[in-house]
Amino acid sequence: MLIVIWGFTGIKYAELPHIIPSHFDFYGKVDGESEKAMIWILPCIAAFISLLFFGISRNPNSPLVNVPRSFRNKEKLELYMFSLQLPVMLLFLDIIVESVRIAEGKQTELSSAIFFILALMFAVIGVGLVKSIQEGVIKKSDD
């Protein structure tokens, strides 16, 4: 997904107008613009997040990893991190694609797809929270 983000941005960059949308309000309407070079910020952030998630999944016992105890083995942690990374990368890709479409005049505002992607991301986070709460209740009853 990260390769697609970088590739799409690279392919579309030369065709972009000098000023592109760079910020949107809650309703998806453009409320900020920047020079087209700012389009590279999102792929950079996406790459940083990918590296961060990759690094987190390498050490399941790190005190910096705040996941349920049952996720603290390499396979489950990698699966959880991938499940969380997928909607995050989809979100970045969608924002980049829709920003380019708005800059090209093919669209006037962000679509509601972002809300579905955010819902997916929060669902994955919710699974982790529910699992943590369940483990906390079980540990409390064992004590």
# chains A, B, ... in the order shown; residues from 1 in each chain; ligands from 1
$ residues_around --residues "Ile133 in chain A" --least-positions-apart "5" --cutoff "9 Å" --atoms "only C-alpha atoms" --output "number ranges by chain"
A: 68, 128, 138
$ residues_around --residues "Leu86 in chain A" --least-positions-apart "2" --cutoff "12 Å" --atoms "only C-alpha atoms" --output "PyMOL selection string"
chain A and resi 1-2+46+49-50+53+78-84+88-93+117-118+120-122+124
$ closest_atom_pairs --of "range 78-142 of chain A" --to "range 20-26 of chain A" --cutoff "8 Å" --atoms "only C-alpha atoms" --output "CSV"
residue,atom,partner,partner_atom,distance
A:Ser99,CA,A:Pro21,CA,6.1
A:Val100,CA,A:Ile20,CA,7.7
A:Ile102,CA,A:Pro21,CA,7.3
A:Ala103,CA,A:Ile20,CA,5.3
A:Leu110,CA,A:Phe24,CA,7.9
$ write_last_selection --atoms "C-alpha atoms" --output "CSV table (one decimal), in the first residue's frame"
chain,number,residue,atom,x,y,z
A,99,SER,CA,-6.9,15.9,-2.9
A,100,VAL,CA,-5.4,15.3,-6.4
A,102,ILE,CA,-10.0,18.2,-6.2
A,103,ALA,CA,-6.9,19.9,-7.5
A,110,LEU,CA,-13.8,14.9,0.1
$ closest_residue --among "A:Lys106, A:Arg101, A:Arg69, A:Lys74" --to "Tyr13 in chain A" --atoms "only C-alpha atoms"
A:Arg101
$ atom_distance --atom1 "CA of Lys36 in chain A" --atom2 "CA of Val4 in chain A"
18.8 Å
$ closest_residue --among "A:Val65, A:Tyr27, A:Glu104, A:Pro87" --to "Phe116 in chain A" --atoms "only C-alpha atoms"
A:Pro87
